[in-house]
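Below is the file run.tsv, which contains TSV, C-alpha atoms.
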chain	number	residue	atom	x	y	z
A	1	SER	CA	-34.61	-29.89	-34.93
A	2	SER	CA	-36.66	-29.31	-31.76
A	3	MET	CA	-36.86	-33.10	-31.27
A	4	ARG	CA	-33.07	-33.38	-31.35
A	5	TRP	CA	-32.77	-30.54	-28.85
A	6	GLY	CA	-35.52	-32.06	-26.72
A	7	GLU	CA	-33.65	-35.35	-26.49
A	8	PHE	CA	-30.38	-33.52	-25.81
A	9	ALA	CA	-32.09	-31.45	-23.09
A	10	VAL	CA	-33.38	-34.58	-21.35
A	11	TRP	CA	-29.86	-36.04	-21.41
A	12	LEU	CA	-28.42	-32.82	-19.92
A	13	LEU	CA	-31.11	-32.74	-17.23
A	14	TYR	CA	-30.41	-36.36	-16.35
A	15	PHE	CA	-26.78	-35.46	-15.68
A	16	GLY	CA	-27.65	-32.41	-13.57
A	17	GLY	CA	-27.62	-29.67	-16.19
A	18	VAL	CA	-30.02	-26.79	-16.50
A	19	VAL	CA	-31.51	-26.24	-19.96
A	20	GLY	CA	-33.08	-23.11	-21.34
A	21	PHE	CA	-34.56	-22.41	-24.75
A	22	MET	CA	-34.45	-18.82	-25.93
A	23	ALA	CA	-36.57	-16.94	-28.41
A	24	TYR	CA	-34.77	-14.67	-30.82
A	25	ARG	CA	-35.83	-12.16	-33.42
A	26	LEU	CA	-36.48	-13.89	-36.72
A	27	GLY	CA	-36.72	-12.63	-40.17
A	28	ILE	CA	-35.50	-12.30	-43.63
A	29	ASP	CA	-37.12	-8.93	-44.15
A	30	ASP	CA	-35.98	-8.08	-47.70
A	31	LEU	CA	-36.40	-10.70	-50.40
A	32	PHE	CA	-34.67	-8.41	-52.90
A	33	SER	CA	-31.51	-8.35	-50.80
A	34	LEU	CA	-31.41	-11.88	-49.35
A	35	GLU	CA	-27.73	-11.88	-48.39
A	36	VAL	CA	-27.86	-8.63	-46.40
A	37	SER	CA	-31.18	-9.66	-44.88
A	38	LEU	CA	-29.70	-13.02	-43.79
A	39	LEU	CA	-26.64	-11.30	-42.30
A	40	GLU	CA	-28.85	-8.88	-40.37
A	41	ALA	CA	-31.04	-11.73	-39.08
A	42	VAL	CA	-27.96	-13.56	-37.77
A	43	MET	CA	-26.70	-10.37	-36.10
A	44	ARG	CA	-30.07	-9.78	-34.39
A	45	GLY	CA	-29.98	-13.40	-33.19
A	46	VAL	CA	-26.46	-12.89	-31.84
A	47	GLN	CA	-27.57	-9.83	-29.91
A	48	ASP	CA	-30.55	-11.74	-28.50
A	49	ALA	CA	-28.40	-14.73	-27.51
A	50	LYS	CA	-25.97	-12.46	-25.71
A	51	GLY	CA	-28.92	-10.80	-23.96
A	52	ALA	CA	-30.27	-14.20	-22.87
A	53	ILE	CA	-26.89	-15.18	-21.42
A	54	ARG	CA	-26.64	-11.87	-19.57
A	55	HIS	CA	-30.19	-12.44	-18.24
A	56	LEU	CA	-29.15	-15.80	-16.78
A	57	ARG	CA	-26.19	-14.22	-15.04
A	58	LYS	CA	-28.32	-11.32	-13.79
A	59	SER	CA	-30.93	-13.71	-12.37
A	60	HIS	CA	-28.13	-15.58	-10.60
A	61	ALA	CA	-26.71	-12.40	-9.09
A	62	GLU	CA	-29.87	-10.42	-8.34
A	63	GLU	CA	-32.74	-12.88	-8.01
A	64	GLY	CA	-31.28	-15.65	-5.88
A	65	ASN	CA	-30.42	-17.99	-8.75
A	66	PRO	CA	-33.97	-19.27	-9.41
A	67	TRP	CA	-32.82	-21.86	-11.96
A	68	GLY	CA	-29.83	-23.16	-10.03
A	69	ILE	CA	-27.26	-22.29	-12.69
A	70	ASP	CA	-23.50	-22.09	-12.48
A	71	PRO	CA	-22.83	-18.76	-14.22
A	72	SER	CA	-19.28	-19.84	-15.07
A	73	ARG	CA	-20.51	-22.83	-17.08
A	74	VAL	CA	-22.90	-21.45	-19.69
A	75	VAL	CA	-22.94	-23.41	-22.95
A	76	LEU	CA	-24.67	-22.01	-26.03
A	77	GLY	CA	-25.94	-24.27	-28.77
A	78	GLY	CA	-28.36	-24.51	-31.60
A	79	SER	CA	-29.41	-26.30	-34.74
A	80	SER	CA	-29.23	-24.74	-38.20
A	81	ALA	CA	-30.13	-21.04	-37.68
A	82	GLY	CA	-29.63	-21.48	-33.93
A	83	ALA	CA	-26.16	-22.89	-34.58
A	84	PHE	CA	-25.34	-19.88	-36.80
A	85	ILE	CA	-26.30	-17.69	-33.85
A	86	ALA	CA	-24.27	-19.73	-31.35
A	87	LEU	CA	-21.15	-19.77	-33.54
A	88	HIS	CA	-21.30	-16.07	-34.33
A	89	SER	CA	-22.05	-15.20	-30.69
A	90	ALA	CA	-18.87	-16.90	-29.60
A	91	TYR	CA	-16.51	-15.99	-32.40
A	92	ILE	CA	-17.40	-12.50	-33.63
A	93	ASP	CA	-15.63	-10.53	-30.95
A	94	ASP	CA	-14.40	-7.55	-32.95
A	95	LEU	CA	-16.48	-5.00	-34.88
A	96	ASP	CA	-14.06	-5.47	-37.80
A	97	GLU	CA	-15.47	-9.00	-38.19
A	98	VAL	CA	-19.01	-7.72	-38.72
A	99	PRO	CA	-19.66	-7.70	-42.49
A	100	ASP	CA	-19.65	-4.20	-43.98
A	101	ALA	CA	-23.19	-4.75	-45.31
A	102	ILE	CA	-24.56	-4.66	-41.74
A	103	ASP	CA	-25.35	-1.20	-40.40
A	104	LEU	CA	-25.32	-1.48	-36.61
A	105	THR	CA	-26.97	1.93	-36.31
A	106	GLN	CA	-30.16	0.69	-38.02
A	107	PRO	CA	-33.26	0.23	-35.84
A	108	GLY	CA	-33.14	-3.26	-34.32
A	109	LEU	CA	-29.38	-3.60	-34.79
A	110	GLU	CA	-28.14	-0.91	-32.40
A	111	GLY	CA	-25.87	-1.64	-29.49
A	112	GLY	CA	-22.86	-3.08	-31.30
A	113	LEU	CA	-21.96	-6.73	-30.80
A	114	GLU	CA	-23.81	-6.97	-27.49
A	115	GLY	CA	-26.98	-5.32	-28.75
A	116	LEU	CA	-29.73	-3.87	-26.60
A	117	SER	CA	-31.48	-7.11	-25.64
A	118	GLY	CA	-31.34	-6.50	-21.91
A	119	SER	CA	-29.37	-7.09	-18.72
A	120	PRO	CA	-26.47	-4.72	-19.46
A	121	GLY	CA	-23.40	-4.99	-17.27
A	122	TYR	CA	-23.33	-8.80	-17.20
A	123	SER	CA	-21.02	-10.99	-19.27
A	124	SER	CA	-22.25	-12.75	-22.38
A	125	GLU	CA	-19.21	-15.05	-22.57
A	126	VAL	CA	-19.79	-18.80	-22.92
A	127	LEU	CA	-17.85	-21.84	-21.77
A	128	SER	CA	-18.38	-23.67	-25.06
A	129	ILE	CA	-20.55	-24.02	-28.16
A	130	VAL	CA	-22.68	-26.88	-29.49
A	131	ASN	CA	-23.14	-26.58	-33.25
A	132	LEU	CA	-25.70	-28.81	-34.95
A	133	CYS	CA	-25.69	-28.22	-38.72
A	134	GLY	CA	-24.52	-24.62	-38.49
A	135	ALA	CA	-21.98	-22.42	-40.19
A	136	MET	CA	-20.31	-19.06	-39.77
A	137	GLY	CA	-19.16	-16.28	-42.05
A	138	ASP	CA	-15.47	-17.10	-41.60
A	139	ALA	CA	-13.94	-19.87	-39.48
A	140	GLY	CA	-10.86	-17.65	-39.26
A	141	TRP	CA	-12.73	-15.53	-36.71
A	142	MET	CA	-11.99	-18.31	-34.22
A	143	GLU	CA	-8.84	-17.43	-32.26
A	144	VAL	CA	-6.66	-18.95	-29.57
A	145	GLY	CA	-8.49	-18.70	-26.25
A	146	ASP	CA	-11.99	-18.69	-27.75
A	147	ALA	CA	-14.64	-21.11	-26.50
A	148	PRO	CA	-14.28	-24.70	-27.71
A	149	VAL	CA	-16.92	-26.12	-30.03
A	150	VAL	CA	-18.58	-29.49	-30.62
A	151	SER	CA	-20.09	-29.87	-34.09
A	152	VAL	CA	-22.45	-32.42	-35.63
A	153	HIS	CA	-23.34	-31.98	-39.30
A	154	GLY	CA	-24.41	-34.25	-42.14
A	155	THR	CA	-22.30	-34.09	-45.28
A	156	ALA	CA	-25.38	-34.09	-47.54
A	157	ASP	CA	-27.06	-31.04	-45.94
A	158	GLU	CA	-28.77	-29.15	-48.77
A	159	THR	CA	-29.36	-25.93	-46.82
A	160	VAL	CA	-26.22	-25.28	-44.79
A	161	PRO	CA	-22.94	-26.49	-46.32
A	162	PHE	CA	-20.81	-28.99	-44.44
A	163	GLY	CA	-17.70	-27.40	-45.97
A	164	THR	CA	-17.24	-23.95	-47.41
A	165	GLY	CA	-20.17	-23.10	-49.65
A	166	PHE	CA	-23.38	-21.17	-50.03
A	167	VAL	CA	-26.39	-21.16	-47.72
A	168	GLN	CA	-29.46	-22.16	-49.75
A	169	LEU	CA	-32.53	-20.07	-49.02
A	170	LEU	CA	-35.76	-20.13	-50.99
A	171	GLY	CA	-33.91	-21.98	-53.74
A	172	PHE	CA	-31.18	-19.33	-54.03
A	173	SER	CA	-27.48	-19.46	-53.12
A	174	VAL	CA	-27.42	-16.61	-50.64
A	175	SER	CA	-24.16	-16.20	-48.75
A	176	GLN	CA	-20.88	-18.07	-48.67
A	177	VAL	CA	-20.09	-19.51	-45.24
A	178	ASP	CA	-17.79	-21.96	-43.51
A	179	GLY	CA	-19.75	-25.00	-42.34
A	180	SER	CA	-18.91	-27.45	-39.59
A	181	TRP	CA	-15.89	-29.00	-41.33
A	182	PRO	CA	-13.87	-25.75	-41.71
A	183	VAL	CA	-15.01	-24.76	-38.20
A	184	HIS	CA	-13.68	-28.11	-36.92
A	185	LEU	CA	-10.37	-27.71	-38.77
A	186	GLN	CA	-9.89	-24.19	-37.38
A	187	ALA	CA	-10.76	-25.27	-33.83
A	188	GLU	CA	-8.36	-28.22	-34.11
A	189	SER	CA	-5.56	-26.01	-35.44
A	190	LEU	CA	-6.01	-23.68	-32.44
A	191	GLY	CA	-5.91	-26.57	-29.97
As a first step, turn the structure in this file into structure tokens.
Amino acid sequence: SSMRWGEFAVWLLYFGGVVGFMAYRLGIDDLFSLEVSLLEAVMRGVQDAKGAIRHLRKSHAEEGNPWGIDPSRVVLGGSSAGAFIALHSAYIDDLDEVPDAIDLTQPGLEGGLEGLSGSPGYSSEVLSIVNLCGAMGDAGWMEVGDAPVVSVHGTADETVPFGTGFVQLLGFSVSQVDGSWPVHLQAESLG
């Protein structure tokens, strides 16, 4: 996965892009409740991604743009878990879309959709999404006017379904999601 992103990053740099890799909180912290634990991990990743995007915009505005970014052209992407985070960051835009099993008042999940991962007051919106082998809870969360998405996903993926199906984790079917094909169909239907 990092090799694919490394090659993609070199291509972007060649054409004048700026590439950043972000760290995000990891963790399935409850093996006895895998589905809830997976949902919480994705939500923490979403909050961290939004914080990273806000940090880029803050550095542009307050620190003289040290990386030479165009804050109006931020693209978020990832592979597998990173793609889950990118998709959910762009398309969960209403608290009603957050699964009921997630308690956003729990330590580490506070701060609503934006979270408390830093640089408040700056936008976390993205121009587009790059999804490599990812999925999201419901492709129906994508709406007219949302960021466009480019997806690449193998049909024989045994961890993240290409269509609608279950994420496989530690040999267990954990949570039903919409993979890259339903995401593509929804994006296409929205234009």
Calculate, to one decimal in Å, the centre and edge lengths of the box along x, y and z of the file that holds all listed atoms of region 49-68 of chain A with 6 Å of margin on each side, and present them as AutoDock Vina command-line options.
--center_x -30.0 --center_y -16.8 --center_z -16.7 --size_x 20.0 --size_y 24.7 --size_z 33.6
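For Trp181 (chain A), the set of protein, DNA and RNA residues having any atom at most 6 Å away, when counting all atoms listed in the file and skipping those fewer than 2 positions along the same chain, is Phe162, Gly163, Gly179, Val183 and His184 of chain A.
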Neighbouring residues of Gly191 (chain A) were defined as those with any atom within 12 Å, considering only C-alpha atoms; residues of the same chain fewer than 4 positions away were excluded. Please report them as a VMD selection string. chain A and resid 142 to 149 184 to 187
Between A:Gln106, A:Val130, A:Leu87, A:Phe21, which has the minimum distance to Asp178 (chain A) (counting only C-alpha atoms)? A:Leu87
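As for CA of Ala101 (chain A) and CA of His88 (chain A), they are spaced 15.9 Å apart.
Comparing A:Gly20, A:Gly137, A:Gly45, A:Gly51 by their smallest distance to Gly165 (chain A), the closest is A:Gly137 (using all atoms listed in the file).
Nearest to Val42 (chain A) of all the residues A:Ser59, A:Ser80, A:Asn65, A:Ser123 is A:Ser80, counting all atoms listed in the file.
Considering only C-alpha atoms, the residue among A:Val150, A:Ile92, A:Val10, A:Val174 positioned nearest to Ser128 (chain A) is A:Val150.
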Using only C-alpha atoms, what table do you get, as a tab-separated table, when you list each residue of region 10-56 of chain A with an atom no more than 10 Å from region 107-118 of chain A, its nearest pair of atoms, and their distance in Å rounded to one decimal, rows by chain then rising number?
residue	atom	partner	partner_atom	distance
A:Tyr24	CA	A:Ser117	CA	9.7
A:Arg25	CA	A:Gly108	CA	9.3
A:Glu40	CA	A:Leu109	CA	7.7
A:Ala41	CA	A:Leu109	CA	9.3
A:Met43	CA	A:Leu109	CA	7.4
A:Arg44	CA	A:Leu109	CA	6.2
A:Gly45	CA	A:Gly115	CA	9.7
A:Val46	CA	A:Leu113	CA	7.7
A:Gln47	CA	A:Gly115	CA	4.7
A:Asp48	CA	A:Ser117	CA	5.5
A:Ala49	CA	A:Ser117	CA	8.4
A:Lys50	CA	A:Glu114	CA	6.2
A:Gly51	CA	A:Ser117	CA	4.8
A:Ala52	CA	A:Ser117	CA	7.7
A:Ile53	CA	A:Gly118	CA	9.8
A:Arg54	CA	A:Gly118	CA	7.5
A:His55	CA	A:Gly118	CA	7.1
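From CA of Glu97 (chain A) back to CA of Trp141 (chain A), the distance works out to 7.2 Å.
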